[in-house]
file final-v3.csv (CSV, C-alpha atoms and all ligand atoms)
chain,number,residue,atom,x,y,z
L,1,MET,CA,97.2,93.7,123.5
L,2,ALA,CA,98.7,95.2,120.3
L,3,ASP,CA,102.2,94.6,121.8
L,4,SER,CA,101.7,90.9,121.9
L,5,VAL,CA,101.1,90.7,118.1
L,6,PRO,CA,104.5,89.8,116.3
L,7,THR,CA,105.6,92.0,113.5
L,8,MET,CA,105.4,90.6,110.0
L,9,TYR,CA,109.2,90.6,110.0
L,10,GLU,CA,109.2,88.3,113.1
L,11,TRP,CA,106.4,86.2,111.7
L,12,MET,CA,108.3,85.5,108.4
L,13,GLY,CA,111.6,84.6,110.1
L,14,GLY,CA,113.5,87.9,110.0
L,15,ALA,CA,116.6,89.0,108.0
L,16,GLU,CA,117.7,85.5,107.0
L,17,VAL,CA,114.5,84.6,105.3
L,18,LEU,CA,114.2,88.0,103.6
L,19,GLU,CA,117.7,87.5,102.2
L,20,LYS,CA,116.7,84.1,100.8
L,21,LEU,CA,113.6,85.7,99.3
L,22,THR,CA,115.5,88.4,97.5
L,23,GLU,CA,118.3,86.1,96.3
L,24,GLU,CA,115.7,83.8,94.8
L,25,PHE,CA,113.7,86.7,93.4
L,26,TYR,CA,116.6,88.4,91.6
L,27,SER,CA,117.8,85.0,90.2
L,28,LYS,CA,114.4,84.8,88.5
L,29,VAL,CA,114.6,88.5,87.4
L,30,ARG,CA,118.0,87.9,85.8
L,31,LYS,CA,116.5,85.2,83.6
L,32,ASP,CA,113.3,87.1,82.8
L,33,ASP,CA,113.0,88.7,79.3
L,34,LEU,CA,110.7,91.6,80.5
L,35,LEU,CA,112.7,92.4,83.6
L,36,ALA,CA,116.4,91.6,82.9
L,37,PRO,CA,117.0,94.7,80.9
L,38,LEU,CA,115.8,97.0,83.7
L,39,PHE,CA,118.2,95.3,86.2
L,40,ALA,CA,121.1,94.8,83.8
L,41,ARG,CA,123.4,97.1,85.8
L,42,MET,CA,122.3,96.2,89.3
L,43,ALA,CA,125.1,95.8,91.9
L,44,ASP,CA,125.9,92.4,93.4
L,45,ASP,CA,124.6,93.6,96.8
L,46,HIS,CA,121.3,94.9,95.3
L,47,PRO,CA,119.3,91.8,96.6
L,48,GLN,CA,120.8,92.3,100.1
L,49,HIS,CA,119.8,96.0,100.1
L,50,VAL,CA,116.2,95.2,99.0
L,51,ALA,CA,116.0,92.5,101.8
L,52,THR,CA,117.1,95.2,104.3
L,53,PHE,CA,114.5,97.6,102.9
L,54,LEU,CA,111.8,95.0,103.1
L,55,GLY,CA,112.8,94.1,106.7
L,56,GLU,CA,112.3,97.7,107.7
L,57,VAL,CA,108.9,97.9,105.9
L,58,PHE,CA,107.7,94.8,107.8
L,59,GLY,CA,108.6,96.1,111.2
L,60,GLY,CA,112.2,94.9,111.6
L,61,PRO,CA,115.3,97.1,112.3
L,62,ALA,CA,115.5,100.6,110.7
L,63,LYS,CA,118.8,99.5,109.0
L,64,TYR,CA,118.0,100.7,105.5
L,65,THR,CA,117.2,104.2,106.9
L,66,GLU,CA,120.4,104.2,109.1
L,67,GLU,CA,122.9,102.6,106.7
L,68,HIS,CA,121.6,102.8,103.1
L,69,GLY,CA,120.1,106.2,102.6
L,70,GLY,CA,116.5,105.4,103.6
L,71,TYR,CA,113.4,106.2,101.6
L,72,PRO,CA,115.0,109.0,99.5
L,73,HIS,CA,117.7,106.5,98.2
L,74,MET,CA,115.1,103.9,97.3
L,75,LEU,CA,113.0,106.5,95.5
L,76,SER,CA,116.0,107.8,93.6
L,77,ARG,CA,116.7,104.3,92.3
L,78,HIS,CA,113.3,104.2,90.6
L,79,LEU,CA,113.2,107.7,89.1
L,80,GLY,CA,113.1,107.9,85.4
L,81,ARG,CA,113.1,104.2,84.8
L,82,GLN,CA,109.7,104.3,83.2
L,83,ILE,CA,108.5,101.0,84.5
L,84,LYS,CA,105.8,99.5,82.2
L,85,PRO,CA,102.6,97.9,83.6
L,86,GLU,CA,103.6,94.5,82.3
L,87,GLN,CA,107.0,94.8,84.0
L,88,ARG,CA,105.4,95.7,87.3
L,89,ALA,CA,103.0,92.8,86.9
L,90,ARG,CA,105.9,90.4,86.2
L,91,TRP,CA,107.8,91.8,89.2
L,92,VAL,CA,104.9,91.0,91.5
L,93,GLU,CA,104.4,87.5,89.9
L,94,LEU,CA,108.1,86.6,90.4
L,95,MET,CA,108.1,88.0,94.0
L,96,LEU,CA,105.1,85.9,94.9
L,97,GLU,CA,106.6,82.8,93.2
L,98,ALA,CA,109.8,83.4,95.2
L,99,ALA,CA,107.8,83.6,98.4
L,100,ASP,CA,106.5,80.1,97.7
L,101,THR,CA,109.9,78.7,96.7
L,102,VAL,CA,111.7,79.9,99.8
L,103,GLY,CA,108.8,78.9,102.1
L,104,LEU,CA,107.4,82.2,103.4
L,105,PRO,CA,104.5,81.4,105.8
L,106,GLN,CA,101.4,80.2,104.0
L,107,ASP,CA,98.8,81.4,106.4
L,108,ALA,CA,96.0,83.6,105.0
L,109,GLU,CA,96.8,86.5,107.4
L,110,PHE,CA,100.5,86.7,106.5
L,111,ARG,CA,100.1,86.2,102.8
L,112,SER,CA,97.2,88.7,102.4
L,113,ALA,CA,99.2,91.4,104.2
L,114,PHE,CA,102.5,90.5,102.3
L,115,THR,CA,100.7,90.6,99.0
L,116,SER,CA,99.0,93.9,99.7
L,117,TYR,CA,102.4,95.5,100.4
L,118,ILE,CA,103.9,94.1,97.2
L,119,GLU,CA,101.0,95.5,95.2
L,120,PHE,CA,101.2,98.9,97.0
L,121,GLY,CA,105.0,99.2,96.7
L,122,SER,CA,105.2,98.0,93.1
L,123,ARG,CA,102.5,100.5,92.0
L,124,ARG,CA,104.2,103.3,93.8
L,125,ALA,CA,107.5,102.3,92.3
L,126,MET,CA,106.0,102.3,88.8
L,127,ALA,CA,104.2,105.7,89.3
L,128,ASN,CA,107.4,107.3,90.7
L,129,SER,CA,109.4,106.0,87.8
L,130,GLN,CA,107.4,107.8,85.1
L,131,LYS,CA,108.5,111.1,83.4
L,132,ASP,CA,107.2,114.1,85.4
L,133,ALA,CA,106.0,111.9,88.3
L,134,GLU,CA,104.4,113.7,91.2
L,135,LEU,CA,106.4,112.4,94.1
L,136,GLY,CA,104.5,113.5,97.2
L,137,SER,CA,106.1,114.6,100.4
L,138,ARG,CA,107.1,111.3,102.0
L,139,THR,CA,110.7,111.1,103.3
L,140,THR,CA,110.6,108.0,105.5
L,141,ILE,CA,109.9,104.3,104.9
L,142,LYS,CA,106.3,103.4,105.3
L,143,ILE,CA,105.9,100.6,107.9
L,144,TRP,CA,103.4,97.9,106.8
L,145,GLY,CA,101.3,95.9,109.3
L,146,TRP,CA,98.7,93.2,109.4
L,147,GLY,CA,95.8,95.3,108.4
L,148,GLU,CA,92.3,93.8,108.8
L,149,ALA,CA,93.5,90.3,109.6
L,150,PRO,CA,96.2,90.0,112.3
L,151,PRO,CA,97.3,86.5,113.5
L,152,GLY,CA,94.5,84.7,115.2
L,153,SER,CA,91.7,86.4,113.3
L,154,ASP,CA,88.4,84.6,112.9
S,201,LIG,C1,107.4,96.6,96.7
S,201,LIG,C2,108.0,97.1,95.6
S,201,LIG,C3,109.4,97.5,95.5
S,201,LIG,C4,110.3,97.7,96.5
S,201,LIG,C5,110.2,97.5,98.0
S,201,LIG,C6,111.5,98.1,95.8
S,201,LIG,C7,112.7,98.4,96.5
S,201,LIG,C8,113.9,98.9,95.9
S,201,LIG,C9,115.0,99.3,96.6
S,201,LIG,C10,115.2,99.4,98.1
S,201,LIG,C11,115.9,99.7,95.6
S,201,LIG,C12,117.3,100.3,95.9
S,201,LIG,C13,118.3,99.3,96.4
S,201,LIG,C14,119.6,99.8,96.9
S,201,LIG,O1,119.6,100.5,98.0
S,201,LIG,O2,120.6,99.6,96.3
S,201,LIG,C15,115.4,99.5,94.3
S,201,LIG,C16,116.0,99.7,93.1
S,201,LIG,C17,115.4,99.4,91.9
S,201,LIG,N1,114.2,98.9,91.7
S,201,LIG,FE1,112.7,98.6,93.0
S,201,LIG,N2,111.3,98.1,94.5
S,201,LIG,C18,110.0,97.8,94.2
S,201,LIG,C19,109.4,97.7,93.0
S,201,LIG,C20,110.1,97.7,91.8
S,201,LIG,C21,109.5,97.4,90.5
S,201,LIG,C22,108.0,97.0,90.3
S,201,LIG,C23,110.5,97.6,89.6
S,201,LIG,C24,110.4,97.3,88.1
S,201,LIG,C25,109.6,96.5,87.5
S,201,LIG,C26,111.7,98.0,90.3
S,201,LIG,C27,112.9,98.3,89.7
S,201,LIG,C28,114.0,98.7,90.3
S,201,LIG,C29,115.2,99.0,89.6
S,201,LIG,C30,115.5,98.9,88.2
S,201,LIG,C31,116.1,99.4,90.6
S,201,LIG,C32,117.6,99.9,90.4
S,201,LIG,C33,118.5,98.6,90.3
S,201,LIG,C34,119.9,99.1,90.1
S,201,LIG,O3,120.5,99.5,91.0
S,201,LIG,O4,120.4,98.9,88.9
S,201,LIG,N3,111.4,98.1,91.6
S,201,LIG,N4,114.1,99.0,94.5
call {"tool": "encode", "arguments": {"input": "final-v3.csv", "output": "structure tokens", "more": "lines below"}}
Ligand code: HEM
result
Amino acid sequence: MADSVPTMYEWMGGAEVLEKLTEEFYSKVRKDDLLAPLFARMADDHPQHVATFLGEVFGGPAKYTEEHGGYPHMLSRHLGRQIKPEQRARWVELMLEAADTVGLPQDAEFRSAFTSYIEFGSRRAMANSQKDAELGSRTTIKIWGWGEAPPGSD
């Protein structure tokens, strides 16, 4: 039964859609007063790398782990950045706007699960970016699923 439920990665349209999402998102970030300074030195392939990371999170191929340093690399990129609450909130706002712009699925099941990961991941990124952050013992990317409302829920 569980095997017949598509992953969120499949549901949203896979790598191609995620790449559109992150391109759109970072084009907004570059123009945003609160966020642009944090990302001033990001590499041109940063959007692509975050798309690969998100693909793995949502049940796609483990490519970020195999080719981009996995969870420890992602974590290292947030350390010491001291992300502020208003920057995190803007990051979430722009990500959800980008999801609409590039046409991520609009169904309640997908959007609630997608948004819950964006909240979770952004809050962890902010916490881990603080001085003397307690990092926990995780070394692998957390895979996110549908939670309480998989496709076809009542
Ligand atoms: C769901 C939430 C998030 C995810 C999945 C995520 C993912 C990532 C990943 C995968 C990288 C490393 C990319 C690479 O391999 O090159 C990265 C870097 C970074 N992230 Fe995040 N991130 C999240 C939230 C945030 C938030 C909320 C902020 C700040 C408001 C932030 C700021 C940064 C910065 C500044 C970098 C380094 C950019 C550079 O290379 O100059 N992230 N993030």
call {"tool": "closest_residue", "arguments": {"input": "final-v3.csv", "among": "L:Gly80, L:Gly103, L:Gly69, L:Gly121", "to": "L:Glu24", "atoms": "all atoms listed in the file"}}
result
L:Gly103
call {"tool": "closest_residue", "arguments": {"input": "final-v3.csv", "among": "L:Leu21, L:Val50, L:Ile141, L:Ala149", "to": "ligand LIG 201 (chain S)", "atoms": "only C-alpha atoms and all ligand atoms"}}
result
L:Val50
call {"tool": "closest_atom_pairs", "arguments": {"input": "final-v3.csv", "of": "chain L", "to": "ligand LIG 201 (chain S)", "cutoff": "7 Å", "atoms": "all atoms listed in the file", "output": "tab-separated table"}}
result
residue	atom	partner	partner_atom	distance
L:Leu35	CA	S:LIG201	C25	6.5
L:Leu38	CA	S:LIG201	C30	4.9
L:Phe39	CA	S:LIG201	C30	4.9
L:Ala40	CA	S:LIG201	O4	6.6
L:Arg41	CA	S:LIG201	O4	4.7
L:Met42	CA	S:LIG201	O4	3.3
L:Ala43	CA	S:LIG201	O3	6.0
L:His46	CA	S:LIG201	O2	4.9
L:His49	CA	S:LIG201	O1	5.0
L:Val50	CA	S:LIG201	C10	4.4
L:Phe53	CA	S:LIG201	C10	5.2
L:Leu54	CA	S:LIG201	C5	5.9
L:His68	CA	S:LIG201	O1	5.9
L:His73	CA	S:LIG201	O1	6.3
L:Met74	CA	S:LIG201	C12	4.4
L:Arg77	CA	S:LIG201	C16	4.7
L:His78	CA	S:LIG201	C17	5.4
L:Arg81	CA	S:LIG201	C30	6.7
L:Ile83	CA	S:LIG201	C24	5.5
L:Gln87	CA	S:LIG201	C25	4.7
L:Arg88	CA	S:LIG201	C22	4.2
L:Trp91	CA	S:LIG201	C25	5.3
L:Val92	CA	S:LIG201	C22	6.9
L:Tyr117	CA	S:LIG201	C1	6.3
L:Ile118	CA	S:LIG201	C1	4.3
L:Glu119	CA	S:LIG201	C1	6.7
L:Phe120	CA	S:LIG201	C1	6.6
L:Gly121	CA	S:LIG201	C1	3.5
L:Ser122	CA	S:LIG201	C2	3.9
L:Arg123	CA	S:LIG201	C22	6.7
L:Ala125	CA	S:LIG201	C19	5.0
L:Met126	CA	S:LIG201	C22	5.9
call {"tool": "write_last_selection", "arguments": {"input": "final-v3.csv", "atoms": "C-alpha atoms", "output": "mmCIF file, in the frame of the given file"}}
result
data_model
loop_
_atom_site.group_PDB
_atom_site.id
_atom_site.type_symbol
_atom_site.label_atom_id
_atom_site.label_comp_id
_atom_site.auth_asym_id
_atom_site.auth_seq_id
_atom_site.Cartn_x
_atom_site.Cartn_y
_atom_site.Cartn_z
ATOM 1 C CA LEU L 35 112.700 92.400 83.600
ATOM 2 C CA LEU L 38 115.800 97.000 83.700
ATOM 3 C CA PHE L 39 118.200 95.300 86.200
ATOM 4 C CA ALA L 40 121.100 94.800 83.800
ATOM 5 C CA ARG L 41 123.400 97.100 85.800
ATOM 6 C CA MET L 42 122.300 96.200 89.300
ATOM 7 C CA ALA L 43 125.100 95.800 91.900
ATOM 8 C CA HIS L 46 121.300 94.900 95.300
ATOM 9 C CA HIS L 49 119.800 96.000 100.100
ATOM 10 C CA VAL L 50 116.200 95.200 99.000
ATOM 11 C CA PHE L 53 114.500 97.600 102.900
ATOM 12 C CA LEU L 54 111.800 95.000 103.100
ATOM 13 C CA HIS L 68 121.600 102.800 103.100
ATOM 14 C CA HIS L 73 117.700 106.500 98.200
ATOM 15 C CA MET L 74 115.100 103.900 97.300
ATOM 16 C CA ARG L 77 116.700 104.300 92.300
ATOM 17 C CA HIS L 78 113.300 104.200 90.600
ATOM 18 C CA ARG L 81 113.100 104.200 84.800
ATOM 19 C CA ILE L 83 108.500 101.000 84.500
ATOM 20 C CA GLN L 87 107.000 94.800 84.000
ATOM 21 C CA ARG L 88 105.400 95.700 87.300
ATOM 22 C CA TRP L 91 107.800 91.800 89.200
ATOM 23 C CA VAL L 92 104.900 91.000 91.500
ATOM 24 C CA TYR L 117 102.400 95.500 100.400
ATOM 25 C CA ILE L 118 103.900 94.100 97.200
ATOM 26 C CA GLU L 119 101.000 95.500 95.200
ATOM 27 C CA PHE L 120 101.200 98.900 97.000
ATOM 28 C CA GLY L 121 105.000 99.200 96.700
ATOM 29 C CA SER L 122 105.200 98.000 93.100
ATOM 30 C CA ARG L 123 102.500 100.500 92.000
ATOM 31 C CA ALA L 125 107.500 102.300 92.300
ATOM 32 C CA MET L 126 106.000 102.300 88.800
#
call {"tool": "closest_residue", "arguments": {"input": "final-v3.csv", "among": "L:Val57, L:Ala108, L:Leu94, L:Ala133", "to": "L:Lys31", "atoms": "only C-alpha atoms"}}
result
L:Leu94
call {"tool": "atom_distance", "arguments": {"input": "final-v3.csv", "atom1": "atom CA of L:Met95", "atom2": "atom CA of L:Val17"}}
result
13.4 Å
call {"tool": "atom_distance", "arguments": {"input": "final-v3.csv", "atom1": "atom CA of L:Ser116", "atom2": "atom CA of L:Met8"}}
result
12.6 Å
call {"tool": "closest_residue", "arguments": {"input": "final-v3.csv", "among": "L:Lys131, L:Thr140, L:Gly152, L:Glu19", "to": "L:Tyr71", "atoms": "only C-alpha atoms"}}
result
L:Thr140
call {"tool": "atom_distance", "arguments": {"input": "final-v3.csv", "atom1": "atom CA of L:Ser153", "atom2": "atom CA of L:Gly14"}}
result
22.1 Å
call {"tool": "closest_residue", "arguments": {"input": "final-v3.csv", "among": "L:Asp132, L:Glu23, L:Glu10, L:Asp33", "to": "L:Pro105", "atoms": "only C-alpha atoms"}}
result
L:Glu10
call {"tool": "closest_residue", "arguments": {"input": "final-v3.csv", "among": "L:Val29, L:Leu34, L:Leu135, L:Ala51", "to": "L:Glu97", "atoms": "only C-alpha atoms"}}
result
L:Val29
call {"tool": "decode", "arguments": {"input": "final-v3.csv", "residues": "stretch 72-94 of chain L", "atoms": "N, CA and C atoms", "output": "compact mmCIF listing (two decimals), in the first residue's frame"}}
result
# COMPACT_ATOMS: atom_id res chain seq x y z
N PRO L 72 26.61 16.99 6.17
CA PRO L 72 27.66 17.79 6.83
C PRO L 72 28.04 19.04 6.03
N HIS L 73 28.01 18.94 4.71
CA HIS L 73 28.36 20.11 3.90
C HIS L 73 27.29 21.19 4.02
N MET L 74 26.03 20.78 3.92
CA MET L 74 24.93 21.74 4.06
C MET L 74 25.05 22.44 5.42
N LEU L 75 25.26 21.65 6.46
CA LEU L 75 25.37 22.21 7.81
C LEU L 75 26.52 23.23 7.87
N SER L 76 27.64 22.86 7.31
CA SER L 76 28.82 23.73 7.38
C SER L 76 28.57 25.09 6.71
N ARG L 77 27.71 25.11 5.70
CA ARG L 77 27.42 26.36 4.99
C ARG L 77 26.56 27.32 5.80
N HIS L 78 25.89 26.80 6.84
CA HIS L 78 25.05 27.67 7.68
C HIS L 78 25.78 28.12 8.96
N LEU L 79 26.83 27.39 9.35
CA LEU L 79 27.48 27.67 10.63
C LEU L 79 27.99 29.10 10.70
N GLY L 80 27.73 29.74 11.83
CA GLY L 80 28.28 31.06 12.11
C GLY L 80 27.61 32.21 11.38
N ARG L 81 26.60 31.93 10.54
CA ARG L 81 26.00 33.02 9.75
C ARG L 81 25.07 33.90 10.58
N GLN L 82 24.68 33.41 11.74
CA GLN L 82 23.81 34.18 12.65
C GLN L 82 22.57 34.73 11.94
N ILE L 83 21.83 33.81 11.33
CA ILE L 83 20.59 34.16 10.63
C ILE L 83 19.61 34.74 11.65
N LYS L 84 19.01 35.88 11.29
CA LYS L 84 18.06 36.54 12.20
C LYS L 84 16.64 36.05 11.92
N PRO L 85 15.76 36.11 12.94
CA PRO L 85 14.37 35.64 12.74
C PRO L 85 13.71 36.30 11.53
N GLU L 86 13.94 37.60 11.33
CA GLU L 86 13.26 38.25 10.20
C GLU L 86 13.85 37.79 8.86
N GLN L 87 15.11 37.39 8.85
CA GLN L 87 15.69 36.84 7.61
C GLN L 87 15.11 35.45 7.33
N ARG L 88 14.99 34.66 8.38
CA ARG L 88 14.37 33.33 8.18
C ARG L 88 12.94 33.47 7.66
N ALA L 89 12.18 34.38 8.27
CA ALA L 89 10.78 34.55 7.85
C ALA L 89 10.71 35.00 6.39
N ARG L 90 11.60 35.89 5.99
CA ARG L 90 11.61 36.34 4.59
C ARG L 90 12.00 35.19 3.65
N TRP L 91 12.97 34.38 4.08
CA TRP L 91 13.41 33.22 3.29
C TRP L 91 12.20 32.31 3.00
N VAL L 92 11.41 32.06 4.03
CA VAL L 92 10.23 31.20 3.88
C VAL L 92 9.21 31.87 2.95
N GLU L 93 8.99 33.16 3.17
CA GLU L 93 8.01 33.90 2.35
C GLU L 93 8.39 33.83 0.87
N LEU L 94 9.68 34.07 0.57
CA LEU L 94 10.11 34.07 -0.83
C LEU L 94 10.07 32.67 -1.42
